[in-house]
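One file, entry38.csv, carrying CSV, C-alpha atoms:
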chain,number,residue,atom,x,y,z
G,1,MET,CA,-55.9,21.2,-49.3
G,2,ARG,CA,-53.2,18.9,-50.6
G,3,GLY,CA,-53.1,17.3,-47.1
G,4,SER,CA,-56.6,16.0,-47.3
G,5,MET,CA,-56.0,14.9,-50.9
G,6,LEU,CA,-53.0,12.9,-49.8
G,7,LEU,CA,-55.1,11.3,-47.1
G,8,ALA,CA,-57.8,10.5,-49.5
G,9,SER,CA,-55.4,8.8,-51.9
G,10,LEU,CA,-54.0,6.8,-49.0
G,11,VAL,CA,-57.4,5.6,-48.1
G,12,LEU,CA,-58.0,4.6,-51.7
G,13,ILE,CA,-54.8,2.6,-52.0
G,14,PRO,CA,-55.7,-1.1,-52.6
G,15,GLY,CA,-54.8,-3.4,-49.8
G,16,GLY,CA,-52.3,-5.3,-51.9
G,17,LEU,CA,-49.7,-2.4,-51.8
G,18,PRO,CA,-46.5,-3.2,-49.9
G,19,CYS,CA,-47.1,-2.1,-46.3
G,20,GLN,CA,-43.7,-0.5,-45.9
G,21,GLU,CA,-44.3,2.1,-48.6
G,22,THR,CA,-47.5,3.4,-47.0
G,23,GLU,CA,-45.8,3.5,-43.7
G,24,GLU,CA,-43.0,5.6,-45.0
G,25,VAL,CA,-45.3,8.2,-46.4
G,26,ALA,CA,-47.3,8.4,-43.2
G,27,ALA,CA,-44.5,8.0,-40.7
G,28,ASP,CA,-42.4,11.1,-41.0
G,29,THR,CA,-43.2,13.6,-38.2
G,30,VAL,CA,-41.4,16.3,-36.3
G,31,ALA,CA,-41.2,13.8,-33.5
G,32,SER,CA,-39.4,11.2,-35.6
G,33,ILE,CA,-37.1,13.7,-37.1
G,34,THR,CA,-36.2,15.0,-33.6
G,35,LYS,CA,-35.7,11.4,-32.4
G,36,GLU,CA,-33.4,10.4,-35.3
G,37,LEU,CA,-31.2,13.5,-35.0
G,38,ALA,CA,-30.9,12.9,-31.3
G,39,ALA,CA,-30.0,9.2,-31.9
G,40,GLU,CA,-27.4,10.1,-34.5
G,41,ARG,CA,-25.9,12.7,-32.1
G,42,SER,CA,-25.8,10.4,-29.1
G,43,LYS,CA,-24.1,7.7,-31.3
G,44,TRP,CA,-21.6,10.4,-32.3
G,45,VAL,CA,-21.0,11.4,-28.6
G,46,ALA,CA,-20.4,7.8,-27.6
G,47,ALA,CA,-17.8,7.4,-30.4
G,48,TYR,CA,-16.2,10.7,-29.5
G,49,ARG,CA,-15.8,9.7,-25.9
G,50,LYS,CA,-13.9,6.6,-26.9
G,51,ILE,CA,-11.2,8.6,-28.7
G,52,LYS,CA,-8.2,9.3,-26.5
G,53,ASP,CA,-5.8,10.8,-29.1
G,54,LYS,CA,-6.0,14.6,-29.1
G,55,GLN,CA,-5.6,15.0,-32.9
G,56,GLU,CA,-8.1,12.3,-33.7
G,57,ARG,CA,-10.5,14.0,-31.3
G,58,SER,CA,-10.3,17.4,-32.9
G,59,ALA,CA,-10.7,15.8,-36.3
G,60,LYS,CA,-13.8,14.0,-35.0
G,61,ALA,CA,-15.1,17.2,-33.4
G,62,LYS,CA,-15.6,18.6,-36.9
G,63,THR,CA,-18.0,15.8,-37.8
G,64,TYR,CA,-20.7,16.5,-35.2
G,65,PRO,CA,-24.0,15.6,-36.9
G,66,ARG,CA,-25.6,18.7,-38.5
G,67,PRO,CA,-29.3,19.1,-38.7
G,68,ASP,CA,-29.3,20.3,-42.3
G,69,ALA,CA,-30.6,17.1,-43.9
G,70,TYR,CA,-33.2,16.8,-41.2
G,71,ARG,CA,-34.5,20.3,-41.9
G,72,LYS,CA,-35.0,19.2,-45.5
G,73,ARG,CA,-37.3,16.5,-44.2
G,74,ALA,CA,-39.1,19.0,-41.9
G,75,TRP,CA,-39.8,21.2,-45.0
G,76,LYS,CA,-41.6,18.3,-46.6
G,77,LEU,CA,-44.0,18.4,-43.7
G,78,VAL,CA,-44.7,22.1,-44.5
G,79,ARG,CA,-45.1,22.3,-48.3
G,80,GLY,CA,-48.7,22.3,-49.5
G,81,VAL,CA,-50.1,22.2,-45.9
G,82,GLU,CA,-48.6,25.4,-44.6
G,83,THR,CA,-51.5,26.3,-42.4
G,84,THR,CA,-51.8,23.0,-40.4
G,85,ALA,CA,-50.6,22.7,-36.8
G,86,ASN,CA,-48.1,20.0,-38.0
G,87,ALA,CA,-46.6,22.4,-40.4
G,88,GLY,CA,-46.3,24.9,-37.5
G,89,ASP,CA,-44.5,22.3,-35.5
G,90,ALA,CA,-42.1,21.7,-38.4
G,91,LEU,CA,-41.5,25.4,-39.0
G,92,ILE,CA,-40.7,25.9,-35.3
G,93,TRP,CA,-38.3,22.9,-35.4
G,94,ILE,CA,-36.6,24.4,-38.5
G,95,VAL,CA,-36.1,27.7,-36.7
G,96,GLN,CA,-34.7,25.9,-33.7
G,97,ASN,CA,-32.4,23.7,-35.6
G,98,GLY,CA,-29.9,25.9,-37.4
G,99,ALA,CA,-31.8,27.5,-40.2
G,100,VAL,CA,-30.0,30.7,-41.3
G,101,GLY,CA,-30.4,33.3,-44.0
G,102,ASP,CA,-33.1,32.9,-46.6
G,103,GLU,CA,-34.3,29.6,-45.2
G,104,SER,CA,-34.8,31.1,-41.7
G,105,SER,CA,-36.6,34.2,-43.2
G,106,ARG,CA,-38.9,31.9,-45.2
G,107,ALA,CA,-39.8,29.9,-42.1
G,108,LEU,CA,-40.4,33.1,-40.1
G,109,GLY,CA,-42.6,34.5,-42.8
G,110,LEU,CA,-44.8,31.4,-42.7
G,111,LEU,CA,-45.0,31.3,-38.9
G,112,GLN,CA,-46.0,34.9,-38.8
G,113,LYS,CA,-48.6,34.4,-41.5
G,114,HIS,CA,-50.2,31.2,-40.2
G,115,HIS,CA,-49.1,30.2,-36.7
G,116,LEU,CA,-49.3,33.2,-34.4
G,117,GLU,CA,-51.4,31.2,-32.0
G,118,HIS,CA,-49.2,28.1,-32.0
G,119,GLU,CA,-48.4,27.1,-28.4
G,120,LYS,CA,-44.7,26.5,-29.1
G,121,LEU,CA,-44.1,29.8,-30.9
G,122,GLY,CA,-42.5,31.2,-27.8
G,123,ALA,CA,-39.8,28.4,-28.1
G,124,ALA,CA,-38.9,29.7,-31.6
G,125,CYS,CA,-38.7,33.3,-30.2
G,126,VAL,CA,-36.3,32.1,-27.6
G,127,ARG,CA,-34.0,30.6,-30.2
G,128,LEU,CA,-34.1,33.9,-32.1
G,129,MET,CA,-32.7,35.8,-29.1
G,130,PHE,CA,-29.3,34.8,-30.5
G,131,ASP,CA,-29.9,36.3,-33.9
G,132,ILE,CA,-29.2,39.9,-34.9
G,133,ARG,CA,-30.8,40.3,-38.3
G,134,PRO,CA,-33.5,43.0,-38.9
G,135,VAL,CA,-35.9,40.3,-40.2
G,136,VAL,CA,-35.8,38.7,-36.7
G,137,LEU,CA,-36.7,42.0,-35.0
G,138,LYS,CA,-39.6,42.5,-37.4
G,139,PHE,CA,-40.8,38.9,-36.8
G,140,LEU,CA,-40.7,39.3,-33.0
G,141,ARG,CA,-42.6,42.6,-33.2
G,142,ASP,CA,-45.2,41.0,-35.4
G,143,VAL,CA,-45.6,38.1,-33.0
G,144,LYS,CA,-45.9,40.4,-30.0
G,145,ALA,CA,-48.6,42.4,-31.7
G,146,GLY,CA,-50.4,39.6,-33.4
G,147,THR,CA,-50.7,36.7,-30.9
G,148,SER,CA,-53.3,36.5,-28.2
G,149,ASN,CA,-51.1,34.0,-26.2
G,150,ARG,CA,-49.7,36.0,-23.2
G,151,ASP,CA,-46.7,33.8,-22.6
G,152,THR,CA,-45.8,34.2,-26.3
G,153,GLN,CA,-46.3,37.9,-26.1
G,154,GLY,CA,-44.0,38.2,-23.1
G,155,VAL,CA,-41.3,36.0,-24.6
G,156,ALA,CA,-41.4,37.9,-27.9
G,157,LEU,CA,-41.0,41.2,-26.1
G,158,TYR,CA,-38.2,39.9,-24.0
G,159,ALA,CA,-36.5,38.4,-27.0
G,160,THR,CA,-36.8,41.7,-28.9
G,161,ALA,CA,-34.9,43.4,-26.1
G,162,LYS,CA,-32.2,40.7,-26.1
G,163,VAL,CA,-31.8,40.9,-29.9
G,164,LEU,CA,-31.4,44.7,-29.6
G,165,MET,CA,-28.7,44.2,-27.0
G,166,ARG,CA,-26.9,41.7,-29.1
G,167,ARG,CA,-27.1,44.1,-32.1
G,168,VAL,CA,-25.4,46.8,-30.0
G,169,GLY,CA,-22.7,44.3,-28.9
G,170,ALA,CA,-22.2,43.2,-32.5
G,171,ALA,CA,-22.1,46.8,-33.8
G,172,ARG,CA,-19.3,47.5,-31.2
G,173,ARG,CA,-17.3,44.5,-32.2
G,174,LEU,CA,-17.7,45.3,-35.9
G,175,SER,CA,-16.6,48.9,-35.5
G,176,ASP,CA,-13.0,47.7,-35.0
G,177,ALA,CA,-13.2,44.2,-36.6
G,178,ASP,CA,-10.4,42.7,-38.7
G,179,GLU,CA,-11.1,41.1,-42.0
G,180,LYS,CA,-11.6,37.7,-40.5
G,181,LEU,CA,-14.2,38.7,-38.0
G,182,MET,CA,-16.0,40.8,-40.7
G,183,ALA,CA,-16.1,37.8,-43.0
G,184,SER,CA,-17.5,35.6,-40.3
G,185,TYR,CA,-20.3,38.1,-39.5
G,186,THR,CA,-21.1,38.5,-43.2
G,187,GLY,CA,-21.1,34.8,-43.7
G,188,THR,CA,-23.6,34.2,-40.9
G,189,TYR,CA,-25.9,37.2,-41.1
G,190,GLY,CA,-25.4,38.6,-44.6
G,191,GLU,CA,-23.8,41.7,-46.0
G,192,ASP,CA,-27.0,43.8,-45.5
G,193,THR,CA,-27.1,43.1,-41.8
G,194,VAL,CA,-23.4,43.9,-41.4
G,195,GLN,CA,-23.8,47.2,-43.3
G,196,GLU,CA,-26.8,48.2,-41.3
G,197,LEU,CA,-25.1,47.4,-38.0
G,198,LEU,CA,-22.1,49.5,-38.9
G,199,SER,CA,-24.3,52.6,-38.9
G,200,LEU,CA,-26.3,51.6,-35.8
G,201,ASP,CA,-27.2,54.3,-33.3
G,202,GLU,CA,-25.9,52.3,-30.4
G,203,ALA,CA,-27.1,54.6,-27.6
G,204,ARG,CA,-30.6,54.8,-29.0
G,205,VAL,CA,-30.9,51.1,-29.5
G,206,GLU,CA,-29.5,50.4,-26.0
G,207,ALA,CA,-32.1,52.8,-24.5
G,208,LYS,CA,-34.9,51.1,-26.4
G,209,ALA,CA,-33.8,47.6,-25.1
G,210,HIS,CA,-33.8,49.1,-21.6
G,211,GLU,CA,-37.3,50.4,-22.1
G,212,LEU,CA,-38.5,47.0,-23.4
G,213,LEU,CA,-37.0,45.1,-20.4
G,214,LYS,CA,-38.8,47.5,-18.0
G,215,GLN,CA,-42.0,46.8,-19.9
G,216,VAL,CA,-41.4,43.0,-19.5
G,217,GLN,CA,-40.9,43.5,-15.8
G,218,LYS,CA,-44.1,45.6,-15.6
G,219,GLU,CA,-46.4,43.6,-17.8
G,220,TYR,CA,-45.1,40.1,-18.2
G,221,ALA,CA,-43.2,39.3,-15.0
G,222,ASP,CA,-45.1,36.1,-14.4
G,223,ALA,CA,-44.9,34.8,-18.0
G,224,LYS,CA,-42.3,32.0,-18.2
G,225,LEU,CA,-39.3,31.2,-20.3
G,226,ARG,CA,-38.1,27.6,-19.8
G,227,GLY,CA,-39.7,27.7,-16.4
G,228,VAL,CA,-38.0,30.9,-15.3
G,229,PRO,CA,-40.3,33.9,-14.8
G,230,LEU,CA,-39.6,36.7,-17.3
G,231,GLY,CA,-39.5,39.2,-14.4
G,232,LYS,CA,-36.4,37.6,-13.0
G,233,LYS,CA,-34.8,37.3,-16.4
G,234,ALA,CA,-35.4,41.0,-17.2
G,235,ALA,CA,-34.1,42.0,-13.8
G,236,GLY,CA,-30.8,40.2,-14.6
G,237,ASP,CA,-30.5,42.0,-17.9
G,238,LEU,CA,-31.4,45.4,-16.4
G,239,PHE,CA,-28.6,44.9,-13.8
G,240,GLU,CA,-26.2,44.2,-16.6
G,241,ILE,CA,-27.2,47.3,-18.5
G,242,GLU,CA,-27.2,49.5,-15.4
G,243,HIS,CA,-24.1,48.3,-13.8
G,244,LEU,CA,-22.1,46.1,-16.2
G,245,ALA,CA,-22.0,48.3,-19.3
G,246,ILE,CA,-18.8,49.7,-20.8
G,247,GLY,CA,-17.7,52.7,-18.8
G,248,LYS,CA,-19.5,51.7,-15.6
G,249,ASN,CA,-17.7,51.4,-12.3
G,250,VAL,CA,-17.4,47.7,-11.7
G,251,PRO,CA,-19.6,46.2,-8.9
G,252,ASP,CA,-17.4,44.6,-6.3
G,253,ILE,CA,-17.3,40.8,-5.9
G,254,ASP,CA,-17.0,39.6,-2.3
G,255,GLY,CA,-16.4,35.9,-2.3
G,256,GLU,CA,-13.9,33.1,-1.7
G,257,ASP,CA,-11.2,31.5,-3.9
G,258,ILE,CA,-11.0,27.8,-4.7
G,259,ASP,CA,-9.2,27.1,-1.4
G,260,GLY,CA,-11.9,28.8,0.6
G,261,VAL,CA,-9.9,32.0,1.3
G,262,ALA,CA,-12.1,35.1,1.3
G,263,PHE,CA,-11.2,37.9,-1.2
G,264,LYS,CA,-12.7,40.8,-3.1
G,265,LEU,CA,-12.4,42.0,-6.6
G,266,SER,CA,-11.7,45.5,-5.1
G,267,ASP,CA,-8.5,44.0,-3.6
G,268,TYR,CA,-7.1,44.5,-7.1
G,269,GLU,CA,-7.9,48.2,-7.5
G,270,GLY,CA,-4.9,49.9,-9.1
G,271,LYS,CA,-4.4,47.0,-11.5
G,272,VAL,CA,-5.9,46.2,-14.8
G,273,VAL,CA,-8.1,43.2,-14.3
G,274,VAL,CA,-9.2,40.6,-16.9
G,275,LEU,CA,-12.2,39.0,-15.2
G,276,ASP,CA,-12.8,35.6,-16.7
G,277,PHE,CA,-16.0,33.6,-16.1
G,278,TRP,CA,-14.7,30.1,-16.8
G,279,GLY,CA,-15.0,26.4,-16.2
G,280,ASP,CA,-12.8,23.4,-17.1
G,281,TRP,CA,-15.3,21.8,-19.5
E,1,MET,CA,-8.0,29.6,-23.8
E,2,TYR,CA,-5.6,28.4,-21.2
E,3,PRO,CA,-2.4,29.0,-23.2
E,4,HIS,CA,-3.6,32.5,-23.9
E,5,GLU,CA,-4.4,33.2,-20.3
E,6,ARG,CA,-1.0,31.7,-19.2
E,7,SER,CA,0.9,33.9,-21.6
E,8,LEU,CA,-1.0,37.1,-20.5
E,9,VAL,CA,-0.2,36.3,-16.8
E,10,LYS,CA,3.5,35.7,-17.8
E,11,GLN,CA,3.8,38.7,-20.0
E,12,TYR,CA,2.4,41.1,-17.4
E,13,ALA,CA,4.1,39.7,-14.3
E,14,ASN,CA,5.3,42.6,-12.1
E,15,ARG,CA,3.1,45.1,-13.9
E,16,PRO,CA,-0.2,46.5,-12.9
E,17,PHE,CA,-2.2,43.6,-14.2
E,18,ALA,CA,-4.2,40.6,-12.7
E,19,LEU,CA,-6.2,37.8,-14.3
E,20,ILE,CA,-9.0,36.9,-12.0
E,21,GLY,CA,-11.3,34.0,-12.7
E,22,VAL,CA,-14.9,33.2,-11.6
E,23,ASN,CA,-15.0,29.4,-11.8
E,24,SER,CA,-18.2,27.5,-12.2
E,25,ASP,CA,-17.0,23.9,-12.1
E,26,ARG,CA,-19.0,21.4,-10.0
E,27,ASP,CA,-16.3,19.6,-8.2
E,28,ARG,CA,-13.9,21.7,-6.1
E,29,GLU,CA,-11.4,18.9,-5.4
E,30,LYS,CA,-11.2,17.9,-9.1
E,31,LEU,CA,-10.7,21.6,-10.0
E,32,LYS,CA,-7.8,21.9,-7.5
E,33,GLN,CA,-6.1,19.1,-9.4
E,34,VAL,CA,-6.8,20.7,-12.8
E,35,LEU,CA,-5.1,23.9,-11.5
E,36,ILE,CA,-2.0,21.9,-10.6
E,37,ASP,CA,-2.0,19.8,-13.8
E,38,LYS,CA,-2.5,22.6,-16.2
E,39,GLU,CA,-0.4,25.1,-14.3
E,40,LEU,CA,-3.2,27.6,-13.9
E,41,THR,CA,-1.7,30.1,-11.4
E,42,TRP,CA,-4.2,32.8,-11.3
E,43,ARG,CA,-6.8,33.2,-8.6
E,44,SER,CA,-10.5,32.4,-9.1
E,45,PHE,CA,-13.6,33.1,-7.2
E,46,TRP,CA,-15.6,29.9,-6.5
E,47,ASN,CA,-19.1,30.3,-8.0
E,48,GLY,CA,-20.7,27.7,-5.7
E,49,GLY,CA,-20.2,24.7,-7.9
E,50,SER,CA,-22.6,25.7,-10.6
E,51,THR,CA,-23.0,27.8,-13.7
E,52,ARG,CA,-26.0,29.2,-11.9
E,53,GLY,CA,-24.0,30.2,-8.9
E,54,PRO,CA,-24.4,33.5,-7.1
E,55,ILE,CA,-21.7,35.5,-8.9
E,56,SER,CA,-22.6,34.4,-12.5
E,57,THR,CA,-26.3,34.9,-11.7
E,58,ARG,CA,-25.7,38.5,-10.4
E,59,TRP,CA,-23.5,39.2,-13.4
E,60,ASN,CA,-26.1,37.8,-15.8
E,61,VAL,CA,-23.6,35.5,-17.4
E,62,THR,CA,-25.2,33.0,-19.7
E,63,GLY,CA,-22.2,32.1,-21.9
E,64,TRP,CA,-18.8,30.7,-21.1
E,65,PRO,CA,-16.2,32.1,-21.2
E,66,THR,CA,-17.4,35.6,-20.5
E,67,ILE,CA,-14.7,38.2,-20.2
E,68,TYR,CA,-14.7,41.7,-18.7
E,69,VAL,CA,-11.6,43.9,-18.9
E,70,ILE,CA,-11.5,46.5,-16.1
E,71,ASP,CA,-9.1,49.4,-15.9
E,72,ALA,CA,-6.9,50.3,-13.0
E,73,GLU,CA,-9.5,52.7,-11.7
E,74,GLY,CA,-12.2,50.1,-11.6
E,75,ARG,CA,-14.1,51.0,-14.7
E,76,ILE,CA,-15.4,48.4,-17.2
E,77,ARG,CA,-13.7,49.1,-20.5
E,78,PHE,CA,-14.2,46.0,-22.6
E,79,LYS,CA,-16.5,43.0,-22.7
E,80,ASN,CA,-16.0,39.7,-24.4
E,81,THR,CA,-12.9,40.6,-26.3
E,82,ARG,CA,-10.9,37.6,-27.4
E,83,GLY,CA,-7.6,36.8,-29.0
E,84,GLU,CA,-5.6,39.6,-30.4
E,85,ALA,CA,-8.2,42.2,-29.5
E,86,LEU,CA,-7.9,41.1,-25.9
E,87,ASP,CA,-4.1,41.5,-26.1
E,88,LYS,CA,-4.5,45.0,-27.5
E,89,ALA,CA,-7.0,46.0,-24.8
E,90,VAL,CA,-4.8,44.8,-22.0
E,91,ALA,CA,-1.7,46.4,-23.5
E,92,LYS,CA,-3.5,49.7,-23.8
E,93,LEU,CA,-4.9,49.7,-20.3
E,94,VAL,CA,-1.7,48.6,-18.6
E,95,GLU,CA,0.2,51.4,-20.4
E,96,GLU,CA,-2.5,53.8,-19.2
E,97,ALA,CA,-2.1,52.6,-15.6
E,98,GLU,CA,1.7,53.0,-15.8
E,99,ARG,CA,1.5,56.5,-17.1
E,100,GLN,CA,-0.4,57.7,-14.0
As a first step, turn the structure in this file into structure tokens.
Amino acid sequence: MRGSMLLASLVLIPGGLPCQETEEVAADTVASITKELAAERSKWVAAYRKIKDKQERSAKAKTYPRPDAYRKRAWKLVRGVETTANAGDALIWIVQNGAVGDESSRALGLLQKHHLEHEKLGAACVRLMFDIRPVVLKFLRDVKAGTSNRDTQGVALYATAKVLMRRVGAARRLSDADEKLMASYTGTYGEDTVQELLSLDEARVEAKAHELLKQVQKEYADAKLRGVPLGKKAAGDLFEIEHLAIGKNVPDIDGEDIDGVAFKLSDYEGKVVVLDFWGDW
Amino acid sequence: MYPHERSLVKQYANRPFALIGVNSDRDREKLKQVLIDKELTWRSFWNGGSTRGPISTRWNVTGWPTIYVIDAEGRIRFKNTRGEALDKAVAKLVEEAERQ
């Protein structure tokens, strides 16, 4: 409603008004917010690359442009016009760009209420795979049940399985966490989530994740996540659960070293092995 | 991470322990120089020059570094432990291996 009122008042503005002001009101969009944040970041990267001194570098590293101020602008595109497609764009952008806690919950609530059919909703679900809060699980379930977009349904189901797996991982880490780790989890996800995770039935949740991945394989194998079919994604996760879980016998690796000499992981049987997937970057 | 890895390798030399990498760098020759420059003495599998290479794909690795700790009998015992927790895990498993 307020959207059309704003439009009407713009139309009624007398021609004599300074052009810039009208432009400013009309110009802010998710596209321009995205562009400006990207520009600020690439400027930062260019400056960072020029620094050679190690200490200076690590000081600069702490100043990487955060999206917080940009999210405030995105919220302005939502207020009063929550049901419009533009507001949907803005809400998805907010979820994808670092919203946490209450802010994230608020955005998810509005998306669930007004934007279940938004074509980019799957992209928001992808981002949520890295969250472990109960509110995220509820959101993903509501999206899966409420949208008629098959790709979104598939991604929401797949993301639900991933969140469940992350919750199990987090619960395991929390079970023998020191104070520092505990504080870091509480800071990011809130006290309630941490308490809930501490009493998580890990085996049951893991079994549920397993079941959902099989469902993805069966019903949404052809739906795509960033161009990769969900069937392939789910197969990778199922292999991880079935063969790479704590307590499993490690699958062998038959490969070659950096110099091209063939070797196997099983060559090291009888020794404790720290297997480290790494890169010099 | 390198200093921690180096100290683990040094601390457990001559004991039933090995640090094995799976490296996903792009340029093999550059990497060889890094191994020399940074004194990285442990052995790594070559993941085909990509984070989407065959080993990381099969192991469903999507974050780096990803760490598995495997006991002397070939069972996966810890995943993605870091820092002190990793030290404790290794100490426990090496003692276990030496008791047998």
**OP:** Would you mind listing what lies within 9 Å of E:Arg75 as a ChimeraX atom specification, with only C-alpha atoms counted and same-chain residues fewer than 4 positions away left out?
**Re:** /G:246-250 /E:69-71
Original post:
Looking at E:Lys32, E:Ile55, E:Ile76, E:Pro16, which one is nearest to E:Gln100, with distances taken over only C-alpha atoms?
Top reply: E:Pro16
Subject >> Expected answer as JSON, numbers by chain: chain G residues within 8 Å of chain E, all atoms listed in the file >> reply: {"G": [236, 237, 239, 240, 244, 245, 246, 247, 248, 249, 250, 253, 255, 256, 257, 258, 266, 268, 269, 270, 271, 272, 273, 274, 275, 276, 277, 278, 279, 280, 281]}
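We find atom CA of G:Tyr185 and atom CA of G:Asp102 to be spaced 15.5 Å apart.
Between atom CA of G:Arg172 and atom CA of G:Pro251 lies a distance of 22.3 Å.
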Subject >> Atom pair atom CA of G:Glu191 / atom CA of G:Thr160: separation (Å) >> reply: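 Rounded to one decimal, the two atoms are 21.5 Å apart.
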Original post:
Can you tell me, as a ChimeraX atom specification, what residues are no more than 8 Å from stretch 60-73 of chain G when counting all atoms listed in the file, ignoring any on the same chain fewer than 3 positions away?
Top reply: /G:33,37,40-41,44,48,56-57,76-77,93-94,97-99
**OP:** Extract, using all atoms listed in the file, all DNA, RNA and protein residues at most 10 Å from G:Arg166, discarding same-chain residues fewer than 3 positions from it, and format them as a PyMOL selection string.
**Re:** chain G and resi 129-132+160-163+169-172+206+209
Subset file: stretch 87-98 of chain G, N, CA, C and O atoms, as a CSV table (one decimal), in the first residue's frame:
chain,number,residue,atom,x,y,z
G,87,ALA,N,10.7,-6.6,-2.3
G,87,ALA,CA,11.0,-6.8,-0.9
G,87,ALA,C,11.5,-8.2,-0.8
G,87,ALA,O,12.4,-8.5,0.0
G,88,GLY,N,10.9,-9.2,-1.6
G,88,GLY,CA,11.4,-10.6,-1.5
G,88,GLY,C,12.9,-10.6,-1.9
G,88,GLY,O,13.7,-11.3,-1.2
G,89,ASP,N,13.3,-9.9,-3.0
G,89,ASP,CA,14.7,-9.8,-3.4
G,89,ASP,C,15.5,-9.3,-2.2
G,89,ASP,O,16.6,-9.9,-1.9
G,90,ALA,N,15.1,-8.2,-1.6
G,90,ALA,CA,15.8,-7.6,-0.5
G,90,ALA,C,16.0,-8.6,0.7
G,90,ALA,O,17.0,-8.7,1.3
G,91,LEU,N,14.9,-9.3,1.1
G,91,LEU,CA,14.9,-10.2,2.2
G,91,LEU,C,15.9,-11.4,1.9
G,91,LEU,O,16.6,-11.8,2.8
G,92,ILE,N,15.9,-11.9,0.7
G,92,ILE,CA,16.8,-12.9,0.3
G,92,ILE,C,18.2,-12.4,0.4
G,92,ILE,O,19.1,-13.1,0.9
G,93,TRP,N,18.5,-11.2,0.0
G,93,TRP,CA,19.8,-10.6,0.0
G,93,TRP,C,20.2,-10.5,1.5
G,93,TRP,O,21.4,-10.8,1.8
G,94,ILE,N,19.3,-10.1,2.3
G,94,ILE,CA,19.6,-10.0,3.8
G,94,ILE,C,20.0,-11.3,4.4
G,94,ILE,O,21.0,-11.4,5.1
G,95,VAL,N,19.3,-12.4,4.0
G,95,VAL,CA,19.6,-13.7,4.5
G,95,VAL,C,21.0,-14.1,4.0
G,95,VAL,O,21.8,-14.7,4.7
G,96,GLN,N,21.3,-13.8,2.8
G,96,GLN,CA,22.6,-14.2,2.2
G,96,GLN,C,23.8,-13.4,2.6
G,96,GLN,O,24.9,-13.8,2.4
G,97,ASN,N,23.5,-12.2,3.2
G,97,ASN,CA,24.6,-11.4,3.5
G,97,ASN,C,24.7,-11.1,5.0
G,97,ASN,O,24.7,-10.0,5.5
G,98,GLY,N,24.9,-12.2,5.8
G,98,GLY,CA,25.3,-12.1,7.1
G,98,GLY,C,24.3,-11.8,8.2
G,98,GLY,O,24.7,-11.4,9.3
